[in-house]
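S.K.: I am attaching a structure below and will ask some questions about it afterwards.
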Amino acid sequence: MEALQKLPAITEWFPGVERPIVISGPCSAETEEQVLETCMRLKATGKVDMLRAGIWKPRTRPGNFEGIGSIGLKWLQKAKVATGLPITVEVATAAHVQEALKHGVDVLWIGARTTVNPFSVQEIADALKGVDIPVLIKNPLNADLELWIGAIERIQQAGITQIGAIHRGFAKYGEKQYRNAPQWQLPIELKRRFPNLPMICDPSHICGNRHMLFEVSQEALDLNFDGVMIESHIDPDNAWSDAKQQVVPERVGEMISDLVLRNTAPQNGSLSGLSAFRSQIDKYDDEIIALFAQRMEVAQKIGQYKKENNISILQTKRWEEILEKAFTKGRKVGLSDEFIEKYLKAVHQESIDQQNQIMNK
Ligand code: PEP
Ligand code: MN
């Protein structure tokens, strides 16, 4: 734990790099031409510090492209020579680590589907004993901060001294706006506990589309993240994986130029002390509003149902049940009956108003 308090800044990993650190490249290496052209065009933007490409792809469902395998490492190695930029790949097993090391990979990253599994993370950690290479650890799929920290500790205990975290959002049932809900409270809390841990944001996997990449990247910088990892492709629409969220290399350059890098005052920067807690509160408020919106959508469906079946809006018995249940739950977590009643009345009134509009439209 103590070693994690003294980690070197990511700007010290490579000479001459500055905040924000920019990592870019395709979701997956597909062909030699695609890897080389993407990387050359990224280099030409002058905004990219490190190249990425997925070589082995852990896919949620079978039947999707599962990665080109080790041959892709040779293409990436060529891109490294051609551009002079360091390269990074995702590793999920000891064999991946060996292959990556053999091919001159400069930085390893652990993917979200691997961070969830302590056995896999430990296998990677064991393969890294005696090796000196920087490792970036993505958050686990689920919003479990301790599991993320556990993975970071396993890698640190293997003797790795250059460690960073990548925030790529969390799988969340019912989430509509993002592919993976950012739940910024978690990375903020991670940064509060380990102020020196380098933090990279991966807006591509948070957004799942191209349109919000800039906004999410800016938000990350405003929260003192050290940099971003953005997927790019020479022909995004025809990418073999994650087509919707990839952008052409030139767009990466544009976005990075447009990002505003605000001053970070270490004593009262947005990720220390009181302001870290305030940021967490703000993010919870954002989520509560998003949840209200989801709740209202269901209420509207009920309104439609009641209209079609000619049922009255106010069902007194149902309302009393909701209230009683909420009192019991609230008491268990230290919320007063008074607060619960005020809150539920406000929410209930909004539901009735929205249903009214539907039924009398
Ligand atoms: C990726 O970076 O292409 C990837 C698979 O990401 P994640 O582990 O965040 O899903
Ligand atoms: Mn991807």
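Naming works like this for the structure tokens: A, B, ... for the chains as they're shown, residue 1 at the start of each chain, ligands 1 onward in shown order.
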To check your reading of the model: which residues sit at most 7 Å from ligand 1 when counting only C-alpha atoms and all ligand atoms? Write the answer as a compact mmCIF listing (two decimals) with N, CA, C and O atoms, in the first residue's frame.

M.R.:
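Result written to pocket_18.txt:
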```
# COMPACT_ATOMS: atom_id res chain seq x y z
N CYS A 27 -8.97 -0.13 -31.97
CA CYS A 27 -9.48 -1.08 -30.98
C CYS A 27 -8.73 -2.39 -31.20
O CYS A 27 -8.14 -2.92 -30.29
N SER A 28 -8.74 -2.87 -32.46
CA SER A 28 -8.06 -4.12 -32.79
C SER A 28 -7.10 -3.91 -33.95
O SER A 28 -7.43 -3.21 -34.91
N GLY A 54 -5.43 -3.55 -29.94
CA GLY A 54 -5.82 -4.80 -29.30
C GLY A 54 -5.35 -5.96 -30.16
O GLY A 54 -5.60 -5.99 -31.37
N LYS A 57 -8.63 -10.09 -28.26
CA LYS A 57 -9.82 -9.34 -27.86
C LYS A 57 -10.78 -10.19 -27.05
O LYS A 57 -11.36 -11.15 -27.57
N PRO A 58 -10.94 -9.87 -25.78
CA PRO A 58 -11.93 -10.60 -24.98
C PRO A 58 -13.31 -10.08 -25.32
O PRO A 58 -13.67 -8.97 -24.95
N GLY A 111 -7.14 -5.32 -19.22
CA GLY A 111 -8.50 -4.92 -19.62
C GLY A 111 -9.53 -5.13 -18.53
O GLY A 111 -9.29 -5.85 -17.55
N ALA A 112 -10.68 -4.51 -18.74
CA ALA A 112 -11.75 -4.53 -17.74
C ALA A 112 -12.24 -5.95 -17.43
O ALA A 112 -12.61 -6.26 -16.30
N ARG A 113 -12.24 -6.81 -18.46
CA ARG A 113 -12.73 -8.18 -18.25
C ARG A 113 -11.70 -9.04 -17.54
O ARG A 113 -11.99 -10.16 -17.14
N LYS A 138 -7.01 -1.14 -16.15
CA LYS A 138 -8.37 -0.60 -16.35
C LYS A 138 -9.24 -0.99 -15.17
O LYS A 138 -9.01 -2.02 -14.51
N ARG A 168 -12.53 3.39 -17.63
CA ARG A 168 -13.24 3.12 -18.89
C ARG A 168 -14.74 2.94 -18.65
O ARG A 168 -15.47 2.47 -19.50
N HIS A 205 -14.54 3.74 -24.59
CA HIS A 205 -15.37 2.68 -24.03
C HIS A 205 -16.43 3.22 -23.08
O HIS A 205 -17.41 2.53 -22.80
```

S.K.: Hey, what does DSSP flag as strand (DSSP E or B) within stretch 136-266 of chain A? Can you give it to me as an MDAnalysis selection string?

M.R.: chainID A and resid 136:138 163:167 170 181 199:201 227:232 247

S.K.: Ligand 2: which residues are within 10 Å, counting only C-alpha atoms and all ligand atoms? Reply as a list in words.

M.R.: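 The residues within 10 Å of ligand 2, counting only C-alpha atoms and all ligand atoms, are Gly25, Pro26, Cys27, Ser28, Ala53, Gly54, Lys57, Pro58, Arg59, Gly111, Asp202, Ser204, His205, Gly208, Ile230, Glu231, Ser232, Trp240, Ser241, Asp242, Ala243, Lys244, Gln245 and Gln246 of chain A.
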
S.K.: In stretch 170-307 of chain A, what's alpha helix (DSSP H) per DSSP? Answer as number ranges by chain?

M.R.: A: 185-193, 203-207, 213-222, 249-258, 273-307

S.K.: Here is a test: counting only C-alpha atoms, which residue of A:Ile281, A:Cys39, A:Met50, A:Ile302 is nearest to A:Leu186?

M.R.: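 Closest candidate: A:Ile281.
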
S.K.: In Å, with one decimal, what is the gap from atom CA of A:Thr316 to atom CA of A:Lys361?

M.R.: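 Taking atom CA of A:Thr316 as the start and atom CA of A:Lys361 as the end point, the length is 23.3 Å.
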
S.K.: Extract, using only C-alpha atoms, all DNA, RNA and protein residues at most 10 Å from A:Gly130, discarding same-chain residues fewer than 3 positions from it, and format them as a PyMOL selection string.

M.R.: chain A and resi 126-127+133+158-160

S.K.: Convert the current residue selection to file output with C-alpha atoms, as a tab-separated table (two decimals), in the first residue's frame.

M.R.:
```
chain	number	residue	atom	x	y	z
A	126	ASP	CA	3.49	-13.69	-11.55
A	127	ALA	CA	4.56	-13.46	-15.19
A	133	ILE	CA	7.70	-2.49	-17.63
A	158	ALA	CA	5.07	-8.21	-8.39
A	159	GLY	CA	7.68	-5.46	-8.23
A	160	ILE	CA	6.32	-3.20	-10.99
```

S.K.: Which polymer residues have any atom within 8 Å of an atom of stretch 139-154 of chain A, counting only C-alpha atoms, with same-chain residues fewer than 6 positions away left out, as a list in words?

M.R.: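 Those residues are Met1, Leu4, Gly111, Ala112, Arg113, Thr114, Thr115, Val116, Pro118, Val121, Gln122, Ala125, Ile163, Ala165, Ile166, His167, Arg168, Gly169, Phe170, Ala171, Lys172, Gln183, Leu186 and Leu190 of chain A.
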
S.K.: Would you work out the distance separating atom CA of A:Ser351 from atom CA of A:Lys301, expressed in Å to one decimal?

M.R.: 10.7 Å

S.K.: Would you please work out which residue, of A:Glu254, A:Ile200, A:Met212, A:Gln162, is nearest to A:Gln177 when using only C-alpha atoms?

M.R.: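 Once distances to A:Gln177 are computed over only C-alpha atoms, the minimum belongs to A:Met212.
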
S.K.: Identify, on the basis of only C-alpha atoms, every residue whose closest approach to A:Phe214 does not exceed 9 Å; exclude the query and any residue fewer than 3 positions from it along the same chain; express the result as a ChimeraX atom specification.

M.R.: /A:203,210-211,217-219,255-256,258-259

S.K.: Kindly export the residues of the current selection with N, CA, C and O atoms, as a PDB file, in the first residue's frame.

M.R.:
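Full text of again.pdb as output:
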```pdb
ATOM      1  N   PRO A 203     -12.322   7.534 -22.939  1.00  0.00           N
ATOM      2  CA  PRO A 203     -13.676   7.984 -23.293  1.00  0.00           C
ATOM      3  C   PRO A 203     -14.324   7.078 -24.337  1.00  0.00           C
ATOM      4  O   PRO A 203     -15.549   7.006 -24.419  1.00  0.00           O
ATOM      5  N   ARG A 210     -19.056   8.177 -31.144  1.00  0.00           N
ATOM      6  CA  ARG A 210     -18.051   9.222 -31.386  1.00  0.00           C
ATOM      7  C   ARG A 210     -18.448  10.563 -30.794  1.00  0.00           C
ATOM      8  O   ARG A 210     -17.612  11.410 -30.567  1.00  0.00           O
ATOM      9  N   HIS A 211     -19.751  10.739 -30.588  1.00  0.00           N
ATOM     10  CA  HIS A 211     -20.247  12.098 -30.371  1.00  0.00           C
ATOM     11  C   HIS A 211     -19.881  12.699 -29.025  1.00  0.00           C
ATOM     12  O   HIS A 211     -19.786  13.905 -28.893  1.00  0.00           O
ATOM     13  N   SER A 217     -13.663  13.544 -22.486  1.00  0.00           N
ATOM     14  CA  SER A 217     -12.224  13.792 -22.316  1.00  0.00           C
ATOM     15  C   SER A 217     -11.992  15.078 -21.526  1.00  0.00           C
ATOM     16  O   SER A 217     -11.143  15.134 -20.634  1.00  0.00           O
ATOM     17  N   GLN A 218     -12.776  16.116 -21.859  1.00  0.00           N
ATOM     18  CA  GLN A 218     -12.617  17.389 -21.150  1.00  0.00           C
ATOM     19  C   GLN A 218     -12.985  17.229 -19.673  1.00  0.00           C
ATOM     20  O   GLN A 218     -12.310  17.743 -18.786  1.00  0.00           O
ATOM     21  N   GLU A 219     -14.054  16.479 -19.440  1.00  0.00           N
ATOM     22  CA  GLU A 219     -14.472  16.258 -18.056  1.00  0.00           C
ATOM     23  C   GLU A 219     -13.350  15.569 -17.275  1.00  0.00           C
ATOM     24  O   GLU A 219     -13.062  15.922 -16.132  1.00  0.00           O
ATOM     25  N   MET A 255      -9.328  16.875 -31.501  1.00  0.00           N
ATOM     26  CA  MET A 255      -9.908  16.876 -30.144  1.00  0.00           C
ATOM     27  C   MET A 255      -8.864  17.268 -29.115  1.00  0.00           C
ATOM     28  O   MET A 255      -9.139  18.053 -28.216  1.00  0.00           O
ATOM     29  N   ILE A 256      -7.661  16.730 -29.270  1.00  0.00           N
ATOM     30  CA  ILE A 256      -6.616  17.031 -28.277  1.00  0.00           C
ATOM     31  C   ILE A 256      -6.272  18.529 -28.340  1.00  0.00           C
ATOM     32  O   ILE A 256      -6.092  19.173 -27.301  1.00  0.00           O
ATOM     33  N   ASP A 258      -8.262  20.899 -29.056  1.00  0.00           N
ATOM     34  CA  ASP A 258      -9.367  21.689 -28.500  1.00  0.00           C
ATOM     35  C   ASP A 258      -9.533  21.537 -26.992  1.00  0.00           C
ATOM     36  O   ASP A 258     -10.241  22.316 -26.359  1.00  0.00           O
ATOM     37  N   LEU A 259      -8.908  20.504 -26.415  1.00  0.00           N
ATOM     38  CA  LEU A 259      -9.070  20.303 -24.971  1.00  0.00           C
ATOM     39  C   LEU A 259      -8.423  21.460 -24.214  1.00  0.00           C
ATOM     40  O   LEU A 259      -7.347  21.938 -24.579  1.00  0.00           O
TER      41      LEU A 259
END
```

S.K.: Write out as a PyMOL selection string the residues lying within 12 Å of A:Gly104, counting only C-alpha atoms and excluding same-chain residues fewer than 2 positions away.

M.R.: chain A and resi 73-81+85-89+97-102+106-108+133

S.K.: Write to file, as an mmCIF file, in the first residue's frame, the residues of the selection just made, with C-alpha atoms.

M.R.:
```cif
data_model
loop_
_atom_site.group_PDB
_atom_site.id
_atom_site.type_symbol
_atom_site.label_atom_id
_atom_site.label_comp_id
_atom_site.auth_asym_id
_atom_site.auth_seq_id
_atom_site.Cartn_x
_atom_site.Cartn_y
_atom_site.Cartn_z
ATOM 1 C CA LEU A 73 2.576 -7.490 -32.557
ATOM 2 C CA LYS A 74 4.971 -7.537 -35.510
ATOM 3 C CA TRP A 75 2.906 -4.834 -37.251
ATOM 4 C CA LEU A 76 2.838 -2.769 -34.086
ATOM 5 C CA GLN A 77 6.594 -3.193 -33.734
ATOM 6 C CA LYS A 78 6.979 -1.809 -37.256
ATOM 7 C CA ALA A 79 4.748 1.134 -36.314
ATOM 8 C CA LYS A 80 6.971 1.760 -33.302
ATOM 9 C CA VAL A 81 10.053 1.911 -35.512
ATOM 10 C CA LEU A 85 6.456 6.209 -30.434
ATOM 11 C CA PRO A 86 6.107 3.653 -27.618
ATOM 12 C CA ILE A 87 3.460 0.932 -28.026
ATOM 13 C CA THR A 88 0.950 -0.598 -25.624
ATOM 14 C CA VAL A 89 -1.239 -3.710 -25.807
ATOM 15 C CA VAL A 97 2.805 -11.096 -21.360
ATOM 16 C CA GLN A 98 5.605 -13.270 -22.786
ATOM 17 C CA GLU A 99 4.589 -12.494 -26.381
ATOM 18 C CA ALA A 100 4.310 -8.757 -25.699
ATOM 19 C CA LEU A 101 7.736 -8.663 -24.027
ATOM 20 C CA LYS A 102 9.275 -10.599 -26.916
ATOM 21 C CA ASP A 106 6.671 -0.663 -23.976
ATOM 22 C CA VAL A 107 3.594 -0.575 -21.751
ATOM 23 C CA LEU A 108 1.105 -3.326 -20.895
ATOM 24 C CA ILE A 133 7.702 -2.491 -17.629
#
```

S.K.: Which residue gives the smallest distance to A:Trp109 among A:Lys325, A:Arg52, A:Lys129, A:Lys283, with only C-alpha atoms counted?

M.R.: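 Among A:Lys325, A:Arg52, A:Lys129, A:Lys283, it is A:Arg52 that comes nearest to A:Trp109.
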
S.K.: Restricting the calculation to only C-alpha atoms: of A:Leu274, A:Ile110, A:Ala3, A:Ile352, which residue gets closest to A:Met296?

M.R.: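 That would be A:Ile352, the residue with the smallest distance to A:Met296.
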
S.K.: Would you list the contacts of A:Asp235 as a PyMOL selection string, taking every protein, DNA or RNA residue within 9 Å and counting only C-alpha atoms, but skipping same-chain residues closer than 2 positions in sequence?

M.R.: chain A and resi 34+232-233+237-239+243+246-248
